[in-house]
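**Q** Got entry.tsv for you, TSV, C-alpha atoms and all ligand atoms:
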```tsv
chain	number	residue	atom	x	y	z
A	1	MET	CA	93.77	87.94	113.50
A	2	ASP	CA	91.45	85.64	111.61
A	3	GLU	CA	93.16	84.24	108.58
A	4	GLU	CA	91.43	81.80	106.31
A	5	GLY	CA	92.80	82.63	102.90
A	6	PRO	CA	91.87	85.66	100.87
A	7	ILE	CA	88.19	85.82	100.01
A	8	ARG	CA	87.49	88.24	97.22
A	9	PRO	CA	84.02	89.71	96.80
A	10	VAL	CA	82.31	88.98	93.54
A	11	GLU	CA	83.30	91.86	91.32
A	12	ALA	CA	80.28	93.06	89.44
A	13	ALA	CA	80.50	92.82	85.69
A	14	ASP	CA	80.26	96.59	85.30
A	15	ASN	CA	82.79	99.16	84.24
A	16	ALA	CA	83.18	100.61	87.75
A	17	LEU	CA	86.73	99.32	88.08
A	18	ALA	CA	87.73	100.94	84.78
A	19	VAL	CA	86.21	104.23	85.93
A	20	ALA	CA	88.02	103.91	89.28
A	21	ARG	CA	91.34	103.29	87.53
A	22	GLY	CA	90.74	106.39	85.42
A	23	VAL	CA	90.18	108.43	88.58
A	24	LEU	CA	93.36	107.06	90.18
A	25	GLU	CA	95.30	107.66	86.96
A	26	ARG	CA	94.46	111.36	87.17
A	27	ALA	CA	94.59	111.60	90.96
A	28	PRO	CA	96.71	108.74	92.38
A	29	LEU	CA	95.80	107.87	95.96
A	30	PHE	CA	97.32	109.89	98.82
A	31	ASP	CA	97.04	107.37	101.66
A	32	GLY	CA	97.00	108.82	105.17
A	33	HIS	CA	98.60	106.03	107.18
A	34	ASN	CA	100.76	102.94	106.62
A	35	ASP	CA	102.85	101.14	109.25
A	36	LEU	CA	105.35	99.54	106.86
A	37	PRO	CA	108.27	101.20	108.75
A	38	TRP	CA	107.31	99.29	111.92
A	39	VAL	CA	106.91	96.06	109.94
A	40	ILE	CA	110.43	96.49	108.55
A	41	ARG	CA	111.80	97.35	112.02
A	42	THR	CA	110.36	94.18	113.51
A	43	LYS	CA	110.76	91.77	110.57
A	44	ALA	CA	114.13	92.66	109.08
A	45	PRO	CA	117.37	92.28	111.05
A	46	ARG	CA	118.31	95.69	112.53
A	47	GLY	CA	115.48	97.21	110.51
A	48	ASP	CA	117.54	96.84	107.34
A	49	VAL	CA	115.41	98.26	104.50
A	50	ILE	CA	117.66	96.83	101.80
A	51	ALA	CA	117.58	93.32	103.31
A	52	TYR	CA	113.77	93.52	103.61
A	53	ASP	CA	113.65	94.06	99.84
A	54	LEU	CA	110.56	96.07	98.96
A	55	ASN	CA	110.99	95.14	95.31
A	56	ARG	CA	109.49	91.70	95.87
A	57	VAL	CA	105.92	90.78	96.80
A	58	HIS	CA	105.67	89.96	100.52
A	59	GLU	CA	102.82	87.42	100.57
A	60	ASN	CA	102.45	87.52	104.36
A	61	ALA	CA	102.46	91.31	104.59
A	62	ASP	CA	100.36	93.91	102.81
A	63	THR	CA	102.75	96.54	101.47
A	64	ASP	CA	105.56	96.37	98.90
A	65	ILE	CA	106.51	98.23	95.75
A	66	PRO	CA	104.82	95.93	93.18
A	67	ARG	CA	101.49	96.16	95.01
A	68	LEU	CA	101.78	99.92	95.73
A	69	ARG	CA	102.07	100.30	91.96
A	70	GLU	CA	99.11	97.99	91.32
A	71	GLY	CA	97.12	99.92	93.93
A	72	MET	CA	97.80	103.21	92.12
A	73	VAL	CA	99.26	104.88	95.20
A	74	GLY	CA	100.67	108.32	94.40
A	75	ALA	CA	101.63	109.47	97.89
A	76	GLN	CA	101.95	107.91	101.31
A	77	PHE	CA	102.22	109.16	104.86
A	78	TRP	CA	104.55	106.56	106.41
A	79	ALA	CA	104.18	106.26	110.17
A	80	ALA	CA	107.23	106.72	112.38
A	81	PHE	CA	105.53	104.92	115.26
A	82	GLN	CA	106.74	104.67	118.84
A	83	PRO	CA	104.96	102.42	121.36
A	84	THR	CA	103.98	104.45	124.42
A	85	GLY	CA	105.05	102.04	127.15
A	86	ALA	CA	108.44	101.06	125.74
A	87	PRO	CA	111.76	102.60	126.85
A	88	HIS	CA	113.58	105.24	124.77
A	89	PRO	CA	110.61	106.79	122.89
A	90	ALA	CA	112.64	109.78	121.62
A	91	ARG	CA	115.30	107.43	120.24
A	92	THR	CA	112.66	105.19	118.68
A	93	ALA	CA	111.05	108.17	116.94
A	94	LEU	CA	114.41	109.16	115.43
A	95	GLU	CA	115.15	105.58	114.39
A	96	GLN	CA	111.79	105.30	112.61
A	97	ILE	CA	112.14	108.69	110.90
A	98	ASP	CA	115.56	107.49	109.75
A	99	LEU	CA	114.08	104.19	108.57
A	100	ILE	CA	111.58	106.04	106.36
A	101	ARG	CA	114.39	108.16	104.95
A	102	ARG	CA	116.30	104.93	104.25
A	103	ILE	CA	113.26	103.63	102.32
A	104	GLU	CA	113.42	106.80	100.21
A	105	ASP	CA	117.20	106.45	99.72
A	106	ALA	CA	117.06	102.75	98.88
A	107	HIS	CA	114.51	103.25	96.09
A	108	PRO	CA	115.15	106.64	94.47
A	109	ASP	CA	113.53	105.36	91.27
A	110	VAL	CA	110.27	104.64	93.13
A	111	PHE	CA	109.97	107.11	96.01
A	112	LEU	CA	110.38	110.86	95.96
A	113	ALA	CA	111.24	112.35	99.37
A	114	ALA	CA	108.25	114.67	99.71
A	115	ARG	CA	108.35	117.59	102.11
A	116	ARG	CA	105.71	119.89	100.57
A	117	ALA	CA	102.29	119.39	98.99
A	118	ALA	CA	103.78	120.42	95.64
A	119	ASP	CA	106.03	117.35	95.74
A	120	TYR	CA	102.99	115.20	94.95
A	121	ALA	CA	102.82	116.65	91.44
A	122	ARG	CA	106.61	116.41	91.05
A	123	ALA	CA	106.46	112.73	91.97
A	124	LYS	CA	103.52	112.10	89.64
A	125	ALA	CA	105.31	113.75	86.72
A	126	ARG	CA	108.28	111.41	87.29
A	127	GLY	CA	106.14	108.30	87.75
A	128	LYS	CA	107.12	108.08	91.43
A	129	ILE	CA	105.35	107.81	94.77
A	130	ALA	CA	105.61	110.86	97.03
A	131	SER	CA	106.93	109.73	100.41
A	132	PHE	CA	105.78	111.82	103.38
A	133	ILE	CA	106.97	111.26	106.95
A	134	ALA	CA	104.47	111.17	109.84
A	135	VAL	CA	105.29	110.69	113.51
A	136	GLU	CA	102.70	108.52	115.24
A	137	GLY	CA	102.59	109.34	118.91
A	138	GLY	CA	103.78	112.40	120.81
A	139	VAL	CA	105.45	110.18	123.42
A	140	GLY	CA	108.71	110.69	121.51
A	141	LEU	CA	108.71	114.35	122.54
A	142	GLU	CA	109.38	113.20	126.10
A	143	ASN	CA	107.40	116.28	127.20
A	144	SER	CA	109.65	118.80	125.43
A	145	LEU	CA	108.89	121.12	122.51
A	146	SER	CA	112.38	121.00	121.00
A	147	PRO	CA	112.01	117.66	119.18
A	148	LEU	CA	109.19	119.17	117.08
A	149	ARG	CA	111.67	121.45	115.32
A	150	ILE	CA	114.25	118.69	114.92
A	151	TRP	CA	111.58	116.36	113.49
A	152	HIS	CA	110.52	119.11	111.10
A	153	ALA	CA	114.13	119.56	109.98
A	154	ALA	CA	114.28	115.79	109.41
A	155	GLY	CA	111.25	115.99	107.12
A	156	VAL	CA	108.27	115.22	109.37
A	157	ARG	CA	105.07	116.84	108.06
A	158	LEU	CA	102.36	115.24	110.21
A	159	MET	CA	102.19	114.28	113.87
A	160	THR	CA	99.55	112.05	115.43
A	161	LEU	CA	99.33	113.54	118.92
A	162	CYS	CA	99.20	110.24	120.79
A	163	HIS	CA	98.73	106.50	120.31
A	164	ASN	CA	96.67	104.08	122.42
A	165	GLU	CA	97.71	105.59	125.75
A	166	THR	CA	96.99	108.95	127.36
A	167	LEU	CA	100.10	111.12	127.65
A	168	ASP	CA	100.86	113.85	130.21
A	169	TRP	CA	99.25	116.44	127.91
A	170	VAL	CA	96.72	114.78	125.60
A	171	ASP	CA	94.04	112.15	126.21
A	172	SER	CA	93.91	109.02	124.10
A	173	ALA	CA	90.71	107.56	122.66
A	174	THR	CA	91.60	104.21	124.18
A	175	ASP	CA	92.72	105.16	127.69
A	176	ALA	CA	91.47	106.98	130.78
A	177	PRO	CA	91.44	110.78	130.32
A	178	ARG	CA	93.75	112.89	132.51
A	179	ASN	CA	93.94	116.22	130.73
A	180	GLY	CA	90.40	117.34	129.92
A	181	GLY	CA	91.34	116.41	126.37
A	182	LEU	CA	94.32	118.70	125.91
A	183	ASN	CA	96.11	120.68	128.63
A	184	ALA	CA	98.24	123.84	128.45
A	185	PHE	CA	101.35	122.00	127.24
A	186	GLY	CA	99.21	120.15	124.71
A	187	ARG	CA	97.97	123.47	123.36
A	188	ALA	CA	101.59	124.63	123.09
A	189	VAL	CA	102.38	121.49	121.05
A	190	VAL	CA	99.47	122.19	118.71
A	191	GLY	CA	100.51	125.85	118.37
A	192	GLU	CA	104.09	124.93	117.53
A	193	LEU	CA	102.97	122.30	115.01
A	194	ASN	CA	100.82	125.01	113.40
A	195	ARG	CA	103.80	127.38	113.34
A	196	LEU	CA	106.10	124.79	111.80
A	197	GLY	CA	103.56	123.79	109.16
A	198	ILE	CA	103.32	120.22	110.46
A	199	ALA	CA	99.84	118.70	110.24
A	200	VAL	CA	98.11	118.08	113.58
A	201	ASP	CA	96.62	114.57	113.43
A	202	LEU	CA	93.73	113.68	115.75
A	203	ALA	CA	93.53	109.96	114.97
A	204	HIS	CA	93.95	108.17	118.34
A	205	THR	CA	93.01	111.18	120.50
A	206	SER	CA	89.89	111.14	122.67
A	207	HIS	CA	86.78	112.83	121.33
A	208	GLU	CA	87.25	115.57	123.90
A	209	ALA	CA	90.86	116.09	122.76
A	210	MET	CA	89.58	116.40	119.17
A	211	ARG	CA	87.15	119.13	120.28
A	212	ARG	CA	89.74	121.01	122.38
A	213	THR	CA	92.20	120.89	119.48
A	214	LEU	CA	89.62	122.17	117.02
A	215	ASP	CA	88.99	125.06	119.48
A	216	VAL	CA	92.61	126.23	119.35
A	217	THR	CA	94.22	125.09	116.09
A	218	GLU	CA	95.27	127.82	113.66
A	219	ALA	CA	95.33	125.45	110.68
A	220	PRO	CA	93.16	122.63	109.31
A	221	VAL	CA	93.61	119.26	111.05
A	222	PHE	CA	93.96	115.67	109.91
A	223	ILE	CA	92.16	112.65	111.32
A	224	SER	CA	94.48	110.39	109.38
A	225	HIS	CA	93.05	106.92	110.08
A	226	SER	CA	89.61	106.87	111.70
A	227	ASN	CA	86.04	106.07	110.72
A	228	ALA	CA	82.60	107.27	111.82
A	229	PHE	CA	81.66	106.53	115.44
A	230	ALA	CA	77.98	106.53	114.43
A	231	LEU	CA	78.52	103.45	112.23
A	232	CYS	CA	80.99	101.60	114.48
A	233	ASP	CA	81.14	102.76	118.07
A	234	HIS	CA	84.82	102.11	118.73
A	235	PRO	CA	86.28	105.14	120.56
A	236	ARG	CA	88.97	105.41	117.85
A	237	ASN	CA	86.29	106.62	115.43
A	238	ALA	CA	85.22	110.26	115.18
A	239	PRO	CA	81.88	111.48	116.58
A	240	ASP	CA	79.34	113.36	114.49
A	241	ASP	CA	79.98	116.80	116.03
A	242	VAL	CA	83.71	116.57	115.26
A	243	LEU	CA	83.00	115.43	111.70
A	244	ARG	CA	80.66	118.39	111.19
A	245	ARG	CA	83.28	120.81	112.51
A	246	LEU	CA	85.74	119.72	109.80
A	247	LYS	CA	83.69	121.79	107.34
A	248	THR	CA	84.60	125.04	109.08
A	249	ASN	CA	88.07	123.90	110.12
A	250	GLY	CA	88.79	122.83	106.54
A	251	GLY	CA	90.52	119.61	107.61
A	252	VAL	CA	90.16	116.02	106.46
A	253	VAL	CA	89.05	112.69	107.96
A	254	MET	CA	90.60	109.65	106.31
A	255	ALA	CA	88.62	106.39	106.34
A	256	THR	CA	90.57	103.47	107.74
A	257	PHE	CA	90.56	99.70	107.14
A	258	VAL	CA	91.27	98.40	110.68
A	259	PRO	CA	88.54	95.72	110.91
A	260	GLY	CA	87.51	96.56	114.49
A	261	PHE	CA	86.96	100.22	113.50
A	262	VAL	CA	84.99	99.26	110.37
A	263	SER	CA	82.42	96.64	111.39
A	264	GLN	CA	80.02	97.11	114.31
A	265	LEU	CA	79.41	93.35	114.33
A	266	LEU	CA	83.11	92.64	114.75
A	267	ARG	CA	83.43	95.45	117.29
A	268	ASP	CA	80.67	93.85	119.38
A	269	TRP	CA	82.23	90.42	119.01
A	270	LEU	CA	85.68	91.71	120.04
A	271	ARG	CA	84.28	93.70	122.99
A	272	ARG	CA	84.44	90.52	125.08
A	273	SER	CA	88.22	90.38	124.79
A	274	ARG	CA	89.07	94.06	125.18
A	275	ASP	CA	89.29	96.61	127.96
A	276	ALA	CA	86.59	99.25	128.46
A	277	TYR	CA	88.25	101.42	125.80
A	278	GLY	CA	88.30	98.72	123.15
A	279	LYS	CA	92.07	98.48	123.45
A	280	ALA	CA	94.49	95.60	123.10
A	281	PRO	CA	93.52	92.10	124.17
A	282	LEU	CA	93.48	91.61	127.93
A	283	ALA	CA	94.66	88.00	127.70
A	284	ALA	CA	98.32	87.00	127.95
A	285	ASP	CA	97.88	84.87	124.84
A	286	PRO	CA	95.52	86.77	122.50
A	287	LYS	CA	95.59	84.02	119.86
A	288	ALA	CA	94.42	81.38	122.32
A	289	GLN	CA	91.78	83.76	123.65
A	290	PHE	CA	90.58	84.42	120.11
A	291	ALA	CA	90.26	80.68	119.45
A	292	GLU	CA	88.38	80.27	122.74
A	293	LEU	CA	85.97	83.07	121.81
A	294	GLU	CA	85.36	81.49	118.41
A	295	ALA	CA	84.61	78.19	120.14
A	296	SER	CA	82.07	79.76	122.49
A	297	HIS	CA	80.59	82.59	120.39
A	298	GLY	CA	81.01	81.38	116.80
A	299	ARG	CA	83.29	82.71	114.10
A	300	ALA	CA	84.33	86.34	114.34
A	301	PRO	CA	82.42	88.50	111.85
A	302	LYS	CA	84.60	89.89	109.07
A	303	ALA	CA	84.82	93.52	108.10
A	304	THR	CA	84.38	94.11	104.38
A	305	LEU	CA	85.32	96.55	101.65
A	306	GLN	CA	81.61	97.41	101.34
A	307	GLU	CA	81.52	98.48	105.01
A	308	VAL	CA	84.52	100.76	104.45
A	309	ALA	CA	82.53	102.30	101.57
A	310	ASP	CA	79.57	102.74	103.98
A	311	HIS	CA	81.86	104.77	106.26
A	312	ILE	CA	83.05	106.93	103.38
A	313	VAL	CA	79.46	107.65	102.32
A	314	PHE	CA	78.60	108.64	105.89
A	315	LEU	CA	81.77	110.71	106.40
A	316	VAL	CA	80.98	112.63	103.22
A	317	GLU	CA	77.42	113.22	104.45
A	318	LEU	CA	78.62	114.76	107.72
A	319	ALA	CA	82.01	116.31	106.96
A	320	GLY	CA	81.42	117.18	103.32
A	321	VAL	CA	82.98	115.80	100.16
A	322	ASP	CA	85.87	118.29	100.47
A	323	ASN	CA	86.88	116.87	103.84
A	324	VAL	CA	87.23	113.10	103.35
A	325	GLY	CA	90.15	110.91	102.30
A	326	VAL	CA	91.54	107.39	102.77
A	327	GLY	CA	93.98	106.39	105.55
A	328	SER	CA	94.29	102.64	105.22
A	329	ASP	CA	96.46	101.85	108.25
A	330	TYR	CA	97.90	98.76	106.61
A	331	PHE	CA	100.15	97.30	109.31
A	332	GLY	CA	101.00	93.82	108.18
A	333	GLY	CA	97.98	92.31	109.95
A	334	ALA	CA	94.24	91.77	109.52
A	335	SER	CA	92.32	93.80	106.95
A	336	PRO	CA	88.77	93.74	105.57
A	337	VAL	CA	87.63	91.20	102.99
A	338	GLY	CA	88.31	92.79	99.62
A	339	LEU	CA	91.05	95.08	100.97
A	340	GLU	CA	93.74	92.52	101.75
A	341	ASP	CA	96.71	94.64	100.65
A	342	VAL	CA	97.72	97.92	99.04
A	343	SER	CA	96.94	96.62	95.55
A	344	ARG	CA	93.22	96.74	96.38
A	345	PHE	CA	92.62	100.51	96.47
A	346	PRO	CA	91.11	100.61	92.93
A	347	HIS	CA	88.47	98.11	94.09
A	348	LEU	CA	87.42	100.44	96.92
A	349	PHE	CA	87.07	103.28	94.43
A	350	ALA	CA	85.10	100.99	92.10
A	351	GLU	CA	82.65	100.40	94.95
A	352	LEU	CA	82.39	104.18	95.44
A	353	VAL	CA	81.67	104.55	91.71
A	354	ARG	CA	78.80	102.07	92.21
A	355	ARG	CA	77.56	104.16	95.15
A	356	GLY	CA	77.09	107.05	92.75
A	357	PHE	CA	80.07	109.31	93.48
A	358	SER	CA	81.13	111.48	90.56
A	359	GLU	CA	84.64	111.12	89.18
A	360	ARG	CA	85.38	114.66	90.32
A	361	ASP	CA	84.38	113.84	93.90
A	362	LEU	CA	86.41	110.64	93.84
A	363	GLU	CA	89.50	112.59	92.76
A	364	LYS	CA	88.95	114.77	95.82
A	365	ILE	CA	88.68	111.76	98.12
A	366	SER	CA	91.69	110.13	96.49
A	367	SER	CA	94.14	113.01	96.88
A	368	ARG	CA	92.90	116.50	96.07
A	369	ASN	CA	91.43	117.10	99.54
A	370	VAL	CA	94.61	116.08	101.33
A	371	LEU	CA	96.72	118.23	99.04
A	372	ARG	CA	94.51	121.27	99.68
A	373	VAL	CA	94.78	120.72	103.44
A	374	LEU	CA	98.56	120.36	103.26
A	375	ARG	CA	98.85	123.58	101.22
A	376	ARG	CA	96.73	125.44	103.77
A	377	ILE	CA	98.84	124.09	106.63
A	378	GLU	CA	102.00	125.25	104.83
A	379	LYS	CA	100.52	128.72	104.29
A	380	ALA	CA	99.34	129.01	107.90
A	381	GLY	CA	102.84	128.03	109.08
A	382	GLU	CA	104.52	130.63	106.88
A	383	ALA	CA	102.27	133.35	108.30
A	384	LEU	CA	102.73	132.24	111.91
A	385	ARG	CA	106.52	132.07	111.63
A	386	LYS	CA	106.54	135.75	110.67
A	387	THR	CA	104.70	136.78	113.82
A	388	ARG	CA	105.63	134.26	116.48
A	389	PRO	CA	108.93	132.97	117.88
A	390	PRO	CA	109.47	129.25	118.45
A	391	ALA	CA	107.63	127.85	121.48
A	392	ILE	CA	110.24	126.55	123.90
A	393	GLY	CA	110.34	124.63	127.16
A	394	ARG	CA	108.94	121.50	128.69
A	395	LEU	CA	105.75	120.25	130.31
A	396	GLU	CA	106.64	121.82	133.68
A	397	ASP	CA	106.88	125.25	132.04
A	398	TYR	CA	103.19	125.04	131.07
A	399	PRO	CA	101.30	124.50	134.33
A	400	GLY	CA	97.55	124.47	134.55
A	401	PRO	CA	94.74	122.69	132.77
B	501	ZN	ZN	97.39	104.23	114.48
```
Please re-express this file's structure in structure tokens.

**A**
Amino acid sequence: MDEEGPIRPVEAADNALAVARGVLERAPLFDGHNDLPWVIRTKAPRGDVIAYDLNRVHENADTDIPRLREGMVGAQFWAAFQPTGAPHPARTALEQIDLIRRIEDAHPDVFLAARRAADYARAKARGKIASFIAVEGGVGLENSLSPLRIWHAAGVRLMTLCHNETLDWVDSATDAPRNGGLNAFGRAVVGELNRLGIAVDLAHTSHEAMRRTLDVTEAPVFISHSNAFALCDHPRNAPDDVLRRLKTNGGVVMATFVPGFVSQLLRDWLRRSRDAYGKAPLAADPKAQFAELEASHGRAPKATLQEVADHIVFLVELAGVDNVGVGSDYFGGASPVGLEDVSRFPHLFAELVRRGFSERDLEKISSRNVLRVLRRIEKAGEALRKTRPPAIGRLEDYPGP
């Protein structure tokens, strides 16, 4: 979005980075969201994982094996993303799930195909990165409950209910609401995800959809890549009441690096080029529009690593230290100053050391919270499967609000 060479913040001459590395040694980062699968789909011919070659450093992207190692990543939710408006969403979802499985297959020495929380420790013991599959966007269901079970069988363990557009059953944060948050079919989706032991992810849903989901969910939820609305008022960020409810729900909110969700200054600057929901550029040529805005309004403010730390401090204040994690949302594009790529996670934790977090609390934020939530989701699913048959049918079988 606004490239001008990597600027690194002055790293204080303290031992914070050494402390952070110690934390990540004991509790390697479990990152909540990374769009590498979409980058590979769009950059490599036919989405060929082997041709893309994750073993080398990709200077113009943000994620590859050497820098995942440097960043002390111990587990990753990879996003199987499907754009809402594009044709064949169900096929795209399957192709992206398959692409993630091909990443696992292509690098068995690096990635462990993780399907349970316990696989994190197995991966750590073998010096590998636990690879978890997430579906981003319920559009791939094509309004049917059956794909949920097929996705589960294929290894999916988290589903972000929607993306930037409202679906027939759940309202998006960045689109006009049509369902009062979540309608009857939406509640059936949440119930079946609970039953299967797949994490319900509320990143991208409207605030009202977050509330309606928290009313009905039978397991803790994820907000896998969102910040605090109080610090940056983009609708993609979570409001205070939802953050507070995570304490009783037991779920986790994972701070994200998307510059427009981090910095209020940048959010205000970008507002001129976005729709009322803060979504995608309105102009046909966003790059030209960006240059025009810079000419008339001055350089775009940059989000920073320190601002991401501000969000984490605030999220901990409201949701509690047991309910916060990190969901970078690296996607091959813009990222905050100081967090240019996946190698930079230790520097974020060093900043949190400087903010006064204990090592024990940082281990929670790094991975222990997410692992606890995943274990509770697994347990809830086991119990529900004993008492409830699979939910079947399509949108039209679930009339009413
Ligand atoms: Zn997303």

**Q** Between CA of Asp168 (chain A) and CA of Arg149 (chain A), what distance in Å does the model show, to one decimal?

**A** 19.9 Å

**Q** For a quick check of understanding, using all atoms listed in the file, which of A:Lys279, A:Arg67, A:Arg41, A:Arg122 has the smallest distance to ligand ZN 501 (chain B)?

**A**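 Among the listed residues, the smallest separation from ligand ZN 501 (chain B) belongs to A:Lys279.
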
**Q** Record the distance separating CA of Arg244 (chain A) and CA of Val135 (chain A), expressed in Å with one decimal.

**A** 25.9 Å

**Q** As a PyMOL selection string, please: the residues near His225 (chain A) (cut-off 7 Å, only C-alpha atoms, same-chain neighbours under 3 positions excluded).

**A** chain A and resi 32-33+203+254-256+327-329

**Q** Write out as a list in words which residues come within 8 Å of Arg101 (chain A) when counting only C-alpha atoms, dropping same-chain ones fewer than 4 positions away.

**A** Ile97, Asp105 and Ala113 of chain A
